[in-house]
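What follows is the content of structure.txt, which has compact mmCIF, N, CA and C atoms:
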```
# COMPACT_ATOMS: atom_id res chain seq x y z
N MET A 1 104.52 -47.39 27.87
CA MET A 1 104.61 -48.81 27.59
C MET A 1 104.28 -49.06 26.12
N TRP A 2 105.05 -49.93 25.51
CA TRP A 2 104.88 -50.25 24.10
C TRP A 2 103.72 -51.21 23.94
N GLU A 3 102.71 -50.82 23.17
CA GLU A 3 101.54 -51.66 23.00
C GLU A 3 101.32 -52.12 21.57
N GLU A 4 102.26 -51.82 20.69
CA GLU A 4 102.14 -52.21 19.29
C GLU A 4 102.58 -53.66 19.12
N PRO A 5 102.01 -54.36 18.14
CA PRO A 5 102.47 -55.73 17.86
C PRO A 5 103.94 -55.73 17.44
N TYR A 6 104.66 -56.75 17.87
CA TYR A 6 106.07 -56.87 17.54
C TYR A 6 106.26 -57.13 16.06
N LEU A 7 107.23 -56.45 15.46
CA LEU A 7 107.60 -56.71 14.07
C LEU A 7 108.92 -57.45 14.05
N GLU A 8 108.92 -58.63 13.44
CA GLU A 8 110.17 -59.38 13.27
C GLU A 8 111.12 -58.55 12.41
N THR A 9 112.41 -58.85 12.52
CA THR A 9 113.42 -58.15 11.74
C THR A 9 113.12 -58.24 10.25
N CYS A 10 112.69 -59.40 9.79
CA CYS A 10 112.41 -59.57 8.37
C CYS A 10 111.25 -58.67 7.94
N CYS A 11 110.26 -58.49 8.81
CA CYS A 11 109.12 -57.64 8.47
C CYS A 11 109.51 -56.16 8.48
N ARG A 12 110.39 -55.78 9.40
CA ARG A 12 110.88 -54.39 9.39
C ARG A 12 111.66 -54.12 8.11
N SER A 13 112.47 -55.08 7.68
CA SER A 13 113.22 -54.93 6.42
C SER A 13 112.26 -54.81 5.24
N THR A 14 111.23 -55.63 5.25
CA THR A 14 110.24 -55.58 4.16
C THR A 14 109.52 -54.24 4.15
N LEU A 15 109.17 -53.72 5.31
CA LEU A 15 108.52 -52.42 5.40
C LEU A 15 109.42 -51.34 4.82
N HIS A 16 110.71 -51.42 5.11
CA HIS A 16 111.65 -50.43 4.57
C HIS A 16 111.78 -50.57 3.05
N ARG A 17 111.88 -51.80 2.55
CA ARG A 17 111.95 -51.99 1.10
C ARG A 17 110.71 -51.44 0.42
N LEU A 18 109.56 -51.63 1.05
CA LEU A 18 108.31 -51.13 0.49
C LEU A 18 108.32 -49.61 0.44
N LEU A 19 108.84 -48.98 1.47
CA LEU A 19 108.96 -47.52 1.47
C LEU A 19 109.84 -47.07 0.31
N LEU A 20 110.95 -47.77 0.09
CA LEU A 20 111.87 -47.40 -0.99
C LEU A 20 111.24 -47.58 -2.37
N CYS A 21 110.28 -48.49 -2.50
CA CYS A 21 109.62 -48.73 -3.79
C CYS A 21 108.68 -47.59 -4.18
N GLY A 22 108.23 -46.84 -3.20
CA GLY A 22 107.34 -45.72 -3.48
C GLY A 22 106.04 -46.16 -4.15
N ASP A 23 105.57 -45.36 -5.11
CA ASP A 23 104.30 -45.63 -5.78
C ASP A 23 104.33 -46.89 -6.64
N ALA A 24 105.52 -47.33 -7.03
CA ALA A 24 105.60 -48.53 -7.86
C ALA A 24 105.15 -49.77 -7.08
N GLY A 25 105.37 -49.76 -5.76
CA GLY A 25 104.98 -50.89 -4.93
C GLY A 25 105.86 -52.11 -5.15
N ARG A 26 105.56 -53.18 -4.43
CA ARG A 26 106.29 -54.45 -4.57
C ARG A 26 105.33 -55.50 -5.10
N PRO A 27 105.77 -56.26 -6.08
CA PRO A 27 104.91 -57.28 -6.66
C PRO A 27 104.74 -58.48 -5.73
N THR A 28 103.72 -59.24 -5.98
CA THR A 28 103.55 -60.50 -5.26
C THR A 28 104.53 -61.52 -5.81
N GLY A 29 104.75 -62.59 -5.06
CA GLY A 29 105.59 -63.67 -5.53
C GLY A 29 107.06 -63.54 -5.19
N LEU A 30 107.43 -62.53 -4.40
CA LEU A 30 108.82 -62.38 -4.00
C LEU A 30 109.07 -63.13 -2.70
N ARG A 31 110.34 -63.25 -2.32
CA ARG A 31 110.68 -64.01 -1.12
C ARG A 31 110.10 -63.41 0.15
N ASP A 32 109.80 -62.10 0.12
CA ASP A 32 109.25 -61.47 1.32
C ASP A 32 107.71 -61.48 1.33
N GLN A 33 107.10 -62.30 0.50
CA GLN A 33 105.64 -62.40 0.43
C GLN A 33 104.99 -62.66 1.80
N PRO A 34 105.52 -63.59 2.61
CA PRO A 34 104.90 -63.81 3.93
C PRO A 34 104.91 -62.55 4.80
N CYS A 35 105.98 -61.78 4.74
CA CYS A 35 106.04 -60.54 5.51
C CYS A 35 105.07 -59.51 4.95
N LEU A 36 104.98 -59.41 3.63
CA LEU A 36 104.03 -58.47 3.03
C LEU A 36 102.60 -58.81 3.46
N GLU A 37 102.29 -60.09 3.47
CA GLU A 37 100.94 -60.51 3.88
C GLU A 37 100.70 -60.23 5.36
N ARG A 38 101.72 -60.44 6.20
CA ARG A 38 101.58 -60.13 7.63
C ARG A 38 101.39 -58.64 7.83
N LEU A 39 102.18 -57.82 7.14
CA LEU A 39 102.05 -56.37 7.25
C LEU A 39 100.68 -55.90 6.76
N GLU A 40 100.15 -56.59 5.76
CA GLU A 40 98.81 -56.25 5.28
C GLU A 40 97.77 -56.56 6.35
N ARG A 41 97.88 -57.71 6.99
CA ARG A 41 96.93 -58.06 8.06
C ARG A 41 97.01 -57.06 9.22
N MET A 42 98.18 -56.48 9.43
CA MET A 42 98.36 -55.52 10.51
C MET A 42 97.91 -54.11 10.10
N GLY A 43 97.58 -53.91 8.83
CA GLY A 43 97.10 -52.62 8.36
C GLY A 43 98.19 -51.65 7.95
N PHE A 44 99.43 -52.13 7.78
CA PHE A 44 100.54 -51.27 7.41
C PHE A 44 100.72 -51.14 5.91
N VAL A 45 100.26 -52.11 5.17
CA VAL A 45 100.36 -52.10 3.70
C VAL A 45 99.03 -52.59 3.13
N ARG A 46 98.87 -52.39 1.84
CA ARG A 46 97.69 -52.94 1.17
C ARG A 46 98.10 -53.49 -0.18
N LEU A 47 97.34 -54.45 -0.63
CA LEU A 47 97.56 -55.05 -1.95
C LEU A 47 96.63 -54.35 -2.93
N ARG A 48 97.22 -53.68 -3.91
CA ARG A 48 96.42 -52.98 -4.92
C ARG A 48 95.81 -53.98 -5.89
N ASP A 49 94.87 -53.50 -6.68
CA ASP A 49 94.22 -54.34 -7.68
C ASP A 49 95.19 -54.86 -8.74
N ASP A 50 96.31 -54.16 -8.93
CA ASP A 50 97.29 -54.60 -9.93
C ASP A 50 98.26 -55.64 -9.37
N GLY A 51 98.03 -56.10 -8.12
CA GLY A 51 98.86 -57.16 -7.55
C GLY A 51 100.14 -56.67 -6.92
N ARG A 52 100.24 -55.39 -6.61
CA ARG A 52 101.43 -54.83 -5.98
C ARG A 52 101.07 -54.28 -4.61
N PHE A 53 101.98 -54.50 -3.65
CA PHE A 53 101.80 -54.00 -2.30
C PHE A 53 102.33 -52.57 -2.20
N VAL A 54 101.61 -51.71 -1.48
CA VAL A 54 102.06 -50.35 -1.22
C VAL A 54 101.91 -50.05 0.27
N ILE A 55 102.74 -49.16 0.75
CA ILE A 55 102.72 -48.80 2.17
C ILE A 55 101.56 -47.83 2.42
N MET A 56 100.95 -47.95 3.58
CA MET A 56 99.85 -47.08 3.96
C MET A 56 100.33 -46.13 5.06
N GLU A 57 99.49 -45.17 5.45
CA GLU A 57 99.88 -44.19 6.46
C GLU A 57 100.32 -44.86 7.76
N ALA A 58 99.59 -45.89 8.18
CA ALA A 58 99.98 -46.60 9.41
C ALA A 58 101.36 -47.23 9.26
N GLY A 59 101.69 -47.70 8.07
CA GLY A 59 103.02 -48.26 7.81
C GLY A 59 104.10 -47.20 7.84
N LEU A 60 103.78 -46.03 7.31
CA LEU A 60 104.74 -44.92 7.35
C LEU A 60 105.02 -44.51 8.79
N GLU A 61 103.97 -44.45 9.61
CA GLU A 61 104.15 -44.10 11.02
C GLU A 61 104.98 -45.16 11.74
N ARG A 62 104.71 -46.41 11.49
CA ARG A 62 105.48 -47.49 12.13
C ARG A 62 106.93 -47.43 11.69
N HIS A 63 107.16 -47.12 10.42
CA HIS A 63 108.52 -46.97 9.90
C HIS A 63 109.23 -45.84 10.66
N ARG A 64 108.55 -44.71 10.83
CA ARG A 64 109.16 -43.58 11.54
C ARG A 64 109.52 -43.97 12.99
N LEU A 65 108.68 -44.76 13.63
CA LEU A 65 108.92 -45.16 15.02
C LEU A 65 110.05 -46.17 15.17
N GLU A 66 110.13 -47.15 14.27
CA GLU A 66 111.07 -48.25 14.46
C GLU A 66 112.30 -48.21 13.58
N ILE A 67 112.21 -47.55 12.43
CA ILE A 67 113.31 -47.61 11.47
C ILE A 67 113.98 -46.25 11.31
N GLY A 68 113.19 -45.21 11.11
CA GLY A 68 113.74 -43.88 10.96
C GLY A 68 112.86 -42.99 10.12
N PRO A 69 113.29 -41.76 9.91
CA PRO A 69 112.49 -40.80 9.15
C PRO A 69 112.15 -41.31 7.76
N THR A 70 110.98 -40.92 7.27
CA THR A 70 110.53 -41.38 5.96
C THR A 70 110.74 -40.33 4.88
N ALA A 71 111.18 -39.16 5.24
CA ALA A 71 111.38 -38.12 4.22
C ALA A 71 112.78 -37.58 4.27
```

Once you've parsed the file, please lay out its structure as structure tokens.
Amino acid sequence: MWEEPYLETCCRSTLHRLLLCGDAGRPTGLRDQPCLERLERMGFVRLRDDGRFVIMEAGLERHRLEIGPTA
């Protein structure tokens, strides 16, 4: 049984874009800001001190489960 919180399509897309950004991360102030903040609350991403979001291990695992391989 699936026990993970549901990710809206927009949040799955944001998670994938974040993966594609790699170490550069995604800046704040973009149209997907609400999704980035939701993913942060869920523990999938974090906001660095430089104001950019980066994917965390939990986000990589969720990406592998719902979107596809990360490597």

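Distance-wise, atom N of A:Arg62 and atom C of A:Asp50 end up 23.7 Å apart.
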
As number ranges by chain, please: every residue in chain A that DSSP puts in helix (DSSP H, G or I). A: 9-24, 33-41, 57-66

List the neighbours of A:Met56 out to 8 Å using only N, CA and C atoms; skip same-chain residues closer than 4 positions along the sequence, and give me the result as a VMD selection string. chain A and resid 43 to 46 60 to 62

Protein and nucleic acid residues near (99.7, -51.7, -4.1) (cut-off 10 Å, only C-alpha atoms) as an MDAnalysis selection string: chainID A and resid 18 22:28 45:56

Could you pull out all residues of chain A with a DSSP call of strand (DSSP E or B) and give them as a ChimeraX atom specification? /A:26-27,45-47,52-55

For A:Thr70, please output as a PyMOL selection string all residues within 8 Å (counting only C-alpha atoms; exclusion window: fewer than 6 positions along the same chain). chain A and resi 19+60+63-64

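Relative to atom CA of A:Thr14, atom C of A:Gly68 is found at 14.2 Å.
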